[in-house]
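Asks: I am sharing query.txt, which consists of compact mmCIF, C-alpha atoms and all ligand atoms:
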# COMPACT_ATOMS: atom_id res chain seq x y z
CA MET A 1 10.82 -21.33 -8.94
CA PRO A 2 8.46 -18.60 -7.71
CA TYR A 3 9.18 -16.95 -4.37
CA GLU A 4 6.80 -17.60 -1.48
CA CYS A 5 6.41 -13.86 -0.93
CA ILE A 6 7.54 -10.55 -2.38
CA PHE A 7 7.19 -7.64 0.02
CA VAL A 8 7.49 -4.12 -1.35
CA ILE A 9 8.33 -0.94 0.58
CA PRO A 10 7.68 2.30 -1.35
CA ALA A 11 9.95 5.10 -0.15
CA ARG A 12 10.48 8.76 -0.80
CA ASN A 13 12.72 10.77 1.52
CA GLU A 14 12.48 8.32 4.40
CA GLU A 15 15.96 8.61 5.94
CA LYS A 16 14.45 8.63 9.45
CA SER A 17 12.59 5.34 9.15
CA ILE A 18 13.89 3.32 6.20
CA GLU A 19 16.58 1.33 8.02
CA GLU A 20 14.23 0.33 10.85
CA THR A 21 11.45 -0.56 8.39
CA VAL A 22 13.69 -2.70 6.17
CA GLY A 23 15.12 -4.45 9.26
CA ARG A 24 11.73 -5.19 10.78
CA VAL A 25 10.19 -6.32 7.49
CA CYS A 26 13.13 -8.68 6.82
CA THR A 27 12.82 -10.18 10.33
CA ALA A 28 9.06 -10.68 9.90
CA MET A 29 9.58 -12.23 6.47
CA GLU A 30 12.13 -14.70 7.87
CA GLN A 31 9.54 -15.82 10.43
CA ALA A 32 6.80 -16.22 7.83
CA PHE A 33 8.56 -17.55 4.69
CA GLY A 34 11.37 -19.75 3.44
CA SER A 35 11.93 -17.93 0.14
CA PHE A 36 11.23 -14.24 -0.20
CA MET A 37 12.52 -10.90 -1.43
CA VAL A 38 12.02 -7.48 0.14
CA VAL A 39 11.94 -4.80 -2.55
CA VAL A 40 12.32 -1.11 -1.79
CA VAL A 41 11.17 1.24 -4.56
CA ASP A 42 12.93 4.49 -3.93
CA ALA A 43 11.40 7.38 -5.87
CA SER A 44 13.53 10.46 -6.35
CA SER A 45 14.62 10.68 -2.71
CA THR A 46 16.83 13.71 -2.19
CA ASP A 47 17.81 12.94 1.41
CA SER A 48 20.14 10.13 2.51
CA THR A 49 17.61 7.34 1.79
CA PRO A 50 19.45 6.14 -1.39
CA ARG A 51 22.79 6.00 0.47
CA ILE A 52 21.28 4.02 3.38
CA LEU A 53 19.58 1.63 0.96
CA LYS A 54 22.77 1.06 -1.01
CA ARG A 55 24.54 0.00 2.19
CA LEU A 56 21.65 -2.23 3.32
CA ALA A 57 21.42 -3.95 -0.09
CA LYS A 58 25.17 -4.75 0.02
CA GLU A 59 24.67 -6.47 3.40
CA ASN A 60 21.50 -8.38 2.50
CA SER A 61 21.02 -10.54 -0.62
CA ARG A 62 17.26 -10.69 0.04
CA LEU A 63 16.92 -6.94 -0.36
CA ASP A 64 16.41 -5.50 -3.83
CA VAL A 65 16.46 -1.73 -4.25
CA ILE A 66 14.91 -0.36 -7.42
CA SER A 67 14.26 3.16 -8.62
CA GLY A 68 10.79 4.59 -9.00
CA THR A 69 9.88 6.16 -12.29
CA GLN A 70 9.08 9.65 -11.04
CA PRO A 71 7.74 11.27 -7.87
CA HIS A 72 4.11 10.83 -6.77
CA GLN A 73 3.65 7.49 -8.50
CA LYS A 74 3.55 5.31 -5.42
CA GLY A 75 0.89 2.99 -6.83
CA TYR A 76 2.67 2.51 -10.13
CA ASP A 77 5.96 1.86 -8.32
CA ILE A 78 4.41 -0.90 -6.20
CA HIS A 79 2.70 -2.33 -9.28
CA CYS A 80 6.03 -2.48 -11.22
CA ALA A 81 7.85 -4.05 -8.26
CA PHE A 82 5.19 -6.80 -8.03
CA MET A 83 5.46 -7.40 -11.80
CA LYS A 84 9.23 -7.88 -11.56
CA TYR A 85 8.86 -11.12 -9.55
CA ASP A 86 6.96 -14.38 -9.72
CA SER A 87 5.60 -15.11 -6.25
CA SER A 88 2.78 -16.89 -4.41
CA ILE A 89 2.04 -13.83 -2.25
CA TYR A 90 2.59 -10.11 -2.89
CA GLY A 91 2.47 -7.46 -0.18
CA PHE A 92 3.48 -3.90 0.56
CA LEU A 93 3.96 -1.69 3.57
CA ASP A 94 4.64 2.07 3.74
CA SER A 95 8.18 2.85 4.84
CA ASP A 96 7.14 5.41 7.44
CA THR A 97 5.24 2.79 9.48
CA PRO A 98 7.82 0.18 10.62
CA GLU A 99 5.52 -1.04 13.39
CA MET A 100 3.12 -2.39 10.74
CA SER A 101 5.61 -5.20 10.12
CA GLN A 102 4.07 -6.96 13.16
CA TYR A 103 1.07 -7.76 10.91
CA ILE A 104 3.07 -9.49 8.16
CA LEU A 105 2.95 -12.89 9.85
CA PRO A 106 -0.80 -12.92 10.73
CA ALA A 107 -1.77 -11.44 7.34
CA SER A 108 0.41 -14.00 5.49
CA ASN A 109 -1.21 -16.79 7.48
CA LEU A 110 -4.64 -15.55 6.38
CA ILE A 111 -3.53 -15.60 2.73
CA LYS A 112 -2.02 -19.07 3.18
CA SER A 113 -5.32 -20.25 4.68
CA GLY A 114 -7.21 -19.18 1.55
CA TYR A 115 -7.97 -15.44 1.69
CA ASP A 116 -7.07 -13.63 -1.54
CA VAL A 117 -6.72 -10.04 -0.35
CA VAL A 118 -5.86 -8.97 3.22
CA ILE A 119 -5.61 -5.27 4.11
CA GLY A 120 -4.86 -3.31 7.25
CA SER A 121 -7.80 -1.25 8.51
CA ARG A 122 -7.62 1.69 10.89
CA TYR A 123 -11.41 1.96 11.11
CA LYS A 124 -12.63 -1.62 11.51
CA GLY A 125 -13.94 -2.59 14.96
CA GLY A 126 -11.00 -3.53 17.16
CA ALA A 127 -8.54 -1.11 15.50
CA LYS A 128 -6.61 1.35 17.69
CA LEU A 129 -6.03 4.81 16.32
CA ASP A 130 -3.61 7.56 17.32
CA ARG A 131 -4.26 10.21 14.65
CA PRO A 132 -5.08 13.92 14.62
CA LYS A 133 -8.85 14.48 14.49
CA SER A 134 -8.58 16.47 11.23
CA ARG A 135 -6.97 13.51 9.44
CA VAL A 136 -9.55 11.07 10.83
CA VAL A 137 -12.34 13.33 9.50
CA VAL A 138 -10.79 13.72 6.03
CA SER A 139 -9.97 10.03 5.77
CA GLY A 140 -13.49 9.11 6.99
CA LEU A 141 -15.04 11.40 4.38
CA TYR A 142 -12.90 9.79 1.69
CA ASN A 143 -13.92 6.25 2.66
CA LYS A 144 -17.60 7.24 2.93
CA THR A 145 -17.52 8.94 -0.48
CA ILE A 146 -16.01 5.85 -2.12
CA ASN A 147 -18.55 3.62 -0.33
CA ALA A 148 -21.43 5.87 -1.42
CA ILE A 149 -20.33 5.84 -5.07
CA PHE A 150 -19.18 2.24 -5.44
CA GLY A 151 -20.98 0.44 -2.59
CA ASP A 152 -17.88 -1.61 -1.82
CA GLY A 153 -18.26 -1.50 1.98
CA ILE A 154 -14.51 -1.31 2.67
CA SER A 155 -13.72 0.72 5.81
CA ASP A 156 -10.16 1.83 4.94
CA HIS A 157 -9.07 2.00 1.30
CA GLN A 158 -5.78 3.79 1.73
CA CYS A 159 -4.02 2.05 4.62
CA GLY A 160 -0.46 1.35 3.46
CA PHE A 161 -0.52 -2.37 4.24
CA LYS A 162 -2.00 -4.85 1.77
CA LEU A 163 -1.36 -8.45 0.75
CA PHE A 164 -2.57 -10.34 -2.32
CA SER A 165 -2.52 -13.98 -3.32
CA LYS A 166 -0.96 -14.67 -6.72
CA ARG A 167 -4.41 -15.63 -8.01
CA ALA A 168 -5.87 -12.26 -6.93
CA TRP A 169 -2.93 -10.19 -8.18
CA SER A 170 -2.96 -11.93 -11.59
CA ALA A 171 -6.65 -11.11 -11.96
CA ILE A 172 -6.46 -7.54 -10.65
CA SER A 173 -3.22 -6.25 -12.19
CA PRO A 174 -4.25 -6.07 -15.88
CA LEU A 175 -7.19 -3.85 -14.90
CA ALA A 176 -5.34 -1.41 -12.62
CA HIS A 177 -4.50 1.91 -14.29
CA GLU A 178 -4.15 4.52 -11.56
CA LYS A 179 -0.55 5.50 -10.86
CA LYS A 180 -0.75 7.78 -7.83
CA TRP A 181 -2.17 7.08 -4.36
CA PRO A 182 -5.73 6.18 -5.60
CA TRP A 183 -4.16 2.96 -6.97
CA ASP A 184 -4.83 1.43 -3.52
CA THR A 185 -8.54 2.18 -3.84
CA GLU A 186 -8.64 1.07 -7.46
CA VAL A 187 -7.18 -2.39 -6.79
CA LEU A 188 -9.73 -2.97 -4.02
CA LEU A 189 -12.62 -1.88 -6.25
CA ILE A 190 -11.38 -4.23 -8.98
CA ALA A 191 -11.18 -7.09 -6.45
CA LYS A 192 -14.71 -6.39 -5.21
CA GLY A 193 -15.98 -6.06 -8.79
CA MET A 194 -14.58 -9.50 -9.58
CA GLY A 195 -16.15 -11.05 -6.51
CA ILE A 196 -12.78 -11.48 -4.74
CA LYS A 197 -13.20 -11.31 -0.95
CA VAL A 198 -11.23 -8.63 0.89
CA TYR A 199 -10.36 -9.37 4.53
CA GLU A 200 -9.96 -6.23 6.63
CA MET A 201 -7.57 -6.74 9.53
CA PRO A 202 -8.03 -4.23 12.38
CA ILE A 203 -4.66 -2.70 13.22
CA SER A 204 -3.11 -0.41 15.76
CA TRP A 205 -2.07 2.79 13.95
CA ARG A 206 -0.09 5.84 14.95
CA ASP A 207 0.47 8.71 12.50
CA SER A 208 4.18 8.92 11.93
CA ARG A 209 4.54 12.50 10.72
CA GLY A 210 3.71 15.47 12.87
CA ARG A 211 2.27 18.10 10.52
CA THR A 212 1.30 21.65 11.28
CA PRO A 213 -2.36 22.65 10.56
CA ILE A 214 -1.15 24.60 7.47
CA GLU A 215 0.73 21.55 6.19
CA ASN A 216 -2.40 19.47 6.72
CA ILE A 217 -4.50 21.93 4.67
CA LEU A 218 -1.94 21.91 1.84
CA ARG A 219 -1.90 18.12 1.92
CA VAL A 220 -5.71 17.91 1.71
CA ALA A 221 -5.69 20.33 -1.26
CA SER A 222 -3.03 18.31 -3.05
CA ASP A 223 -4.88 15.05 -2.33
CA ALA A 224 -8.14 16.53 -3.63
CA SER A 225 -6.48 17.51 -6.92
CA ILE A 226 -5.53 13.85 -7.39
CA PHE A 227 -8.70 12.33 -5.90
CA ILE A 228 -11.24 14.14 -8.09
CA PRO A 229 -9.94 13.14 -11.56
CA ALA A 230 -9.02 9.64 -10.33
CA THR A 231 -12.52 9.09 -8.92
CA LEU A 232 -14.13 10.31 -12.16
CA ARG A 233 -11.98 7.85 -14.11
CA MET A 234 -12.97 5.04 -11.73
CA ILE A 235 -16.67 5.92 -12.02
CA TYR A 236 -16.33 5.59 -15.77
CA ARG A 237 -14.49 2.29 -15.57
CA PHE A 238 -16.44 0.59 -12.78
CA LYS A 239 -19.93 2.01 -13.19
CA ILE A 240 -20.22 2.88 -16.89
CA SER A 241 -17.97 0.68 -19.04
CA ARG A 242 -17.52 -2.07 -16.37
CA HIS A 243 -14.62 -3.33 -18.44
CA GLY A 244 -13.57 -6.79 -17.29
CA LEU A 245 -15.67 -6.73 -14.12
CA ARG A 246 -18.48 -9.04 -13.10
CA LYS A 247 -21.81 -7.63 -14.33
N1 LIG A 301 8.00 4.72 -4.52
C1 LIG A 301 7.37 5.80 -4.07
N2 LIG A 301 7.07 5.91 -2.77
C2 LIG A 301 6.43 7.02 -2.34
C3 LIG A 301 6.08 8.08 -3.20
N3 LIG A 301 5.46 9.04 -2.48
C4 LIG A 301 5.42 8.59 -1.21
N4 LIG A 301 6.01 7.38 -1.12
C5 LIG A 301 6.13 6.48 0.03
O1 LIG A 301 4.83 5.92 0.18
C6 LIG A 301 4.46 5.82 1.54
C7 LIG A 301 3.19 6.63 1.78
O2 LIG A 301 3.45 7.99 1.57
P1 LIG A 301 3.14 9.08 2.71
O3 LIG A 301 3.74 10.36 2.25
O4 LIG A 301 3.59 8.55 4.03
O5 LIG A 301 1.58 9.18 2.60
P2 LIG A 301 0.52 9.04 3.74
O6 LIG A 301 0.86 7.85 4.59
O7 LIG A 301 -0.80 9.09 3.09
O8 LIG A 301 0.73 10.37 4.54
P3 LIG A 301 1.24 10.61 6.04
O9 LIG A 301 0.06 10.49 6.90
O10 LIG A 301 1.82 11.95 6.00
O11 LIG A 301 2.29 9.57 6.38
C8 LIG A 301 5.66 6.30 2.32
O12 LIG A 301 6.42 5.17 2.65
C9 LIG A 301 6.42 7.18 1.33
O13 LIG A 301 7.81 7.19 1.57
C10 LIG A 301 6.42 7.95 -4.59
O14 LIG A 301 6.15 8.80 -5.41
N5 LIG A 301 7.02 6.78 -4.98
MG MG A 302 2.59 7.72 5.69
Show me the file's structure as structure tokens.
Ligand SMILES: Nc1nc2c(ncn2[C@@H]2O[C@H](COP(=O)(O)OP(=O)(O)OP(=O)(O)O)[C@@H](O)[C@H]2O)c(=O)[nH]1
Ligand SMILES: [Mg+2]
Replies:
Amino acid sequence: MPYECIFVIPARNEEKSIEETVGRVCTAMEQAFGSFMVVVVDASSTDSTPRILKRLAKENSRLDVISGTQPHQKGYDIHCAFMKYDSSIYGFLDSDTPEMSQYILPASNLIKSGYDVVIGSRYKGGAKLDRPKSRVVVSGLYNKTINAIFGDGISDHQCGFKLFSKRAWSAISPLAHEKKWPWDTEVLLIAKGMGIKVYEMPISWRDSRGRTPIENILRVASDASIFIPATLRMIYRFKISRHGLRK
């Protein structure tokens, strides 16, 4: 029997938030579903995240903790966790944003009512944003660049909260190849390319990590080194070969 919903939490060195996130996600899942599993994919955490998760998994039979393949493969880790289970709905939520669990119930209801992909959006009208200006600018530039190249019209590709119907995930998953953070963007572009509607749910968002300006610059540089080759690969796939997508 397939589960009603599988909810994945990717985690890497999240000792500060993981227990709260797992607790809040499990509570939200109990309100929304009869049969479900919460799956944490822990990738090479060197802090006390693995120890906390081991304890939580012992206490909760609906919590599955699996190991990520290697660091910086968040997208691939979520993908593999989805593939492990047969379910009517698949979703994920970043472990550093426990408050996003409040959207599990409304987003699940949208999927149950017929939407195939529901994503959190920090930039859709009605969203509330508490984020340093520099991150808003960089994130805005990213979304605008993707929109300009692919014309997909999505306002927030990288928000760490997304749900898929089984029908959508079965169609999208064989075409998704990116392993790092651009996987989020890739799955949305595949959905759009197949004519699958994406519902953007405005959310209230607060950046969880306080970073210094230097840390922000290093982060942007590291993101750019991933973004550029990934975007070139996606241009080839979606605009040149159009493999498997609607012409
Ligand atoms: N499984 C897995 N999870 C990861 C990996 N890298 C990061 N994560 C988790 O994925 C989520 C998103 O990563 P973040 O580092 O918060 O990325 P971000 O949200 O773009 O950046 P911030 O604004 O700094 O929070 C978090 O829950 C991380 O713990 C990874 O390589 N594998
Ligand atoms: Mg984060």
Asks: Find the residue from A:Ser48, A:Ser165, A:Asn109, A:Thr69 that sits nearest to ligand LIG 301 (chain A); use all atoms listed in the file when measuring.
Replies: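 Result for the nearest residue to ligand LIG 301 (chain A): A:Thr69.
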Asks: What's the separation between CA of Val25 in chain A and CA of Phe164 in chain A, in Å to one decimal place?
Replies: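 Between these atoms lies a distance of 16.6 Å.
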Asks: Could you give me, as a Markdown table, a per-residue list for chain A showing, wherever an atom lies at most 7 Å from an atom of ligand LIG 301 (chain A), the closest pair of atoms and their distance in Å to one decimal, using all atoms listed in the file and sorting by chain then residue number from low to high?
Replies:
| residue | atom | partner | partner_atom | distance |
| --- | --- | --- | --- | --- |
| A:Ile9 | CA | A:LIG301 | O12 | 6.7 |
| A:Pro10 | CA | A:LIG301 | N2 | 3.9 |
| A:Ala11 | CA | A:LIG301 | O13 | 3.5 |
| A:Arg12 | CA | A:LIG301 | O13 | 3.9 |
| A:Asn13 | CA | A:LIG301 | O13 | 6.1 |
| A:Glu14 | CA | A:LIG301 | O13 | 5.6 |
| A:Val41 | CA | A:LIG301 | N1 | 4.7 |
| A:Asp42 | CA | A:LIG301 | N1 | 5.0 |
| A:Ala43 | CA | A:LIG301 | N5 | 4.5 |
| A:Gly68 | CA | A:LIG301 | N1 | 5.3 |
| A:Gln70 | CA | A:LIG301 | O14 | 6.4 |
| A:Pro71 | CA | A:LIG301 | O14 | 3.8 |
| A:His72 | CA | A:LIG301 | O14 | 3.2 |
| A:Gln73 | CA | A:LIG301 | O14 | 4.2 |
| A:Lys74 | CA | A:LIG301 | N5 | 3.8 |
| A:Asp77 | CA | A:LIG301 | N1 | 5.2 |
| A:Ile78 | CA | A:LIG301 | N1 | 6.9 |
| A:Asp94 | CA | A:LIG301 | O12 | 3.7 |
| A:Ser95 | CA | A:LIG301 | O12 | 3.6 |
| A:Asp96 | CA | A:LIG301 | O12 | 4.8 |
| A:Gly160 | CA | A:LIG301 | C7 | 6.6 |
| A:Asp207 | CA | A:LIG301 | O9 | 5.9 |
| A:Ser208 | CA | A:LIG301 | O11 | 5.9 |
| A:Arg209 | CA | A:LIG301 | O10 | 5.5 |
Asks: Store the residues picked out above in a file with C-alpha atoms, as a compact mmCIF listing (two decimals), in the coordinates of the input.
Replies:
# COMPACT_ATOMS: atom_id res chain seq x y z
CA ILE A 9 8.33 -0.94 0.58
CA PRO A 10 7.68 2.30 -1.35
CA ALA A 11 9.95 5.10 -0.15
CA ARG A 12 10.48 8.76 -0.80
CA ASN A 13 12.72 10.77 1.52
CA GLU A 14 12.48 8.32 4.40
CA VAL A 41 11.17 1.24 -4.56
CA ASP A 42 12.93 4.49 -3.93
CA ALA A 43 11.40 7.38 -5.87
CA GLY A 68 10.79 4.59 -9.00
CA GLN A 70 9.08 9.65 -11.04
CA PRO A 71 7.74 11.27 -7.87
CA HIS A 72 4.11 10.83 -6.77
CA GLN A 73 3.65 7.49 -8.50
CA LYS A 74 3.55 5.31 -5.42
CA ASP A 77 5.96 1.86 -8.32
CA ILE A 78 4.41 -0.90 -6.20
CA ASP A 94 4.64 2.07 3.74
CA SER A 95 8.18 2.85 4.84
CA ASP A 96 7.14 5.41 7.44
CA GLY A 160 -0.46 1.35 3.46
CA ASP A 207 0.47 8.71 12.50
CA SER A 208 4.18 8.92 11.93
CA ARG A 209 4.54 12.50 10.72
Asks: Kindly give the distance, in Å, that separates CA of Trp181 in chain A and CA of Gly75 in chain A, rounded to a single decimal.
Replies: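 Interatomic distance, CA of Trp181 in chain A to CA of Gly75 in chain A: 5.7 Å.
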Asks: From the set A:Leu188, A:Ile214, A:Ala176, A:Ile228, which residue has the shortest atom-to-atom contact distance to Thr145 in chain A, counting only C-alpha atoms?
Replies: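 Using only C-alpha atoms, the shortest distance to Thr145 in chain A belongs to A:Ile228.
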Asks: Determine, counting all atoms listed in the file, every residue of protein, DNA or RNA that lies within 8 Å of (14.3, -1.3, -7.0) in the file coordinates, then give the result as an MDAnalysis selection string.
Replies: chainID A and resid 39:42 64:68 81
Asks: I need the residue nearest Arg167 in chain A from this list: A:Phe150, A:Trp183, A:Tyr115, A:Phe227. Use only C-alpha atoms for the distance.
Replies: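 Of A:Phe150, A:Trp183, A:Tyr115, A:Phe227, the one nearest Arg167 in chain A, counting only C-alpha atoms, is A:Tyr115.
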Asks: Which one is closest to ligand MG 302 (chain A): A:Arg24, A:Arg242, A:Arg131, A:Lys179? Count all atoms listed in the file.
Replies: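 The shortest atom-to-atom distance to ligand MG 302 (chain A) comes from A:Arg131.
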Asks: Which is closer to ligand MG 302 (chain A) than all the others in A:Gly151, A:Ser225, A:Ala171, A:Arg135, using all atoms listed in the file?
Replies: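 The answer is A:Arg135, which sits nearest to ligand MG 302 (chain A).
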Asks: Pick from A:Ser113, A:Ser17, A:Ser61, A:Ser88: nearest to Pro2 in chain A, with all atoms listed in the file counted?
Replies: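 Result for the nearest residue to Pro2 in chain A: A:Ser88.
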Asks: Rounded to one decimal in Å, what is the spacing between CA of Ser35 in chain A and CA of Ile89 in chain A?
Replies: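 Between these atoms lies a distance of 11.0 Å.
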Asks: Find the spatial neighbours of Lys128 in chain A, counting all atoms listed in the file, within a cut-off of 12 Å - ignore same-chain residues fewer than 2 positions away - and output them as a compact mmCIF listing (two decimals) with C-alpha atoms, in the coordinates of the input.
Replies:
# COMPACT_ATOMS: atom_id res chain seq x y z
CA GLY A 120 -4.86 -3.31 7.25
CA SER A 121 -7.80 -1.25 8.51
CA ARG A 122 -7.62 1.69 10.89
CA TYR A 123 -11.41 1.96 11.11
CA LYS A 124 -12.63 -1.62 11.51
CA GLY A 125 -13.94 -2.59 14.96
CA GLY A 126 -11.00 -3.53 17.16
CA ASP A 130 -3.61 7.56 17.32
CA ARG A 131 -4.26 10.21 14.65
CA MET A 201 -7.57 -6.74 9.53
CA PRO A 202 -8.03 -4.23 12.38
CA ILE A 203 -4.66 -2.70 13.22
CA SER A 204 -3.11 -0.41 15.76
CA TRP A 205 -2.07 2.79 13.95
CA ARG A 206 -0.09 5.84 14.95
CA ASP A 207 0.47 8.71 12.50
Asks: Could the residues of range 118-209 of chain A that have an atom at most 10 Å from range 83-86 of chain A be listed as a Markdown table, each with its closest atom pair and the distance in Å to one decimal, counting all atoms listed in the file and ordered by chain and ascending residue number?
Replies:
| residue | atom | partner | partner_atom | distance |
| --- | --- | --- | --- | --- |
| A:Lys166 | CA | A:Asp86 | CA | 8.5 |
| A:Trp169 | CA | A:Met83 | CA | 9.6 |
| A:Ser170 | CA | A:Met83 | CA | 9.6 |
| A:Ser173 | CA | A:Met83 | CA | 8.8 |
Asks: Any chance you could export the current selection's C-alpha atoms as an mmCIF file, keeping the file's coordinate frame?
Replies:
data_model
loop_
_atom_site.group_PDB
_atom_site.id
_atom_site.type_symbol
_atom_site.label_atom_id
_atom_site.label_comp_id
_atom_site.auth_asym_id
_atom_site.auth_seq_id
_atom_site.Cartn_x
_atom_site.Cartn_y
_atom_site.Cartn_z
ATOM 1 C CA LYS A 166 -0.960 -14.670 -6.720
ATOM 2 C CA TRP A 169 -2.930 -10.190 -8.180
ATOM 3 C CA SER A 170 -2.960 -11.930 -11.590
ATOM 4 C CA SER A 173 -3.220 -6.250 -12.190
#
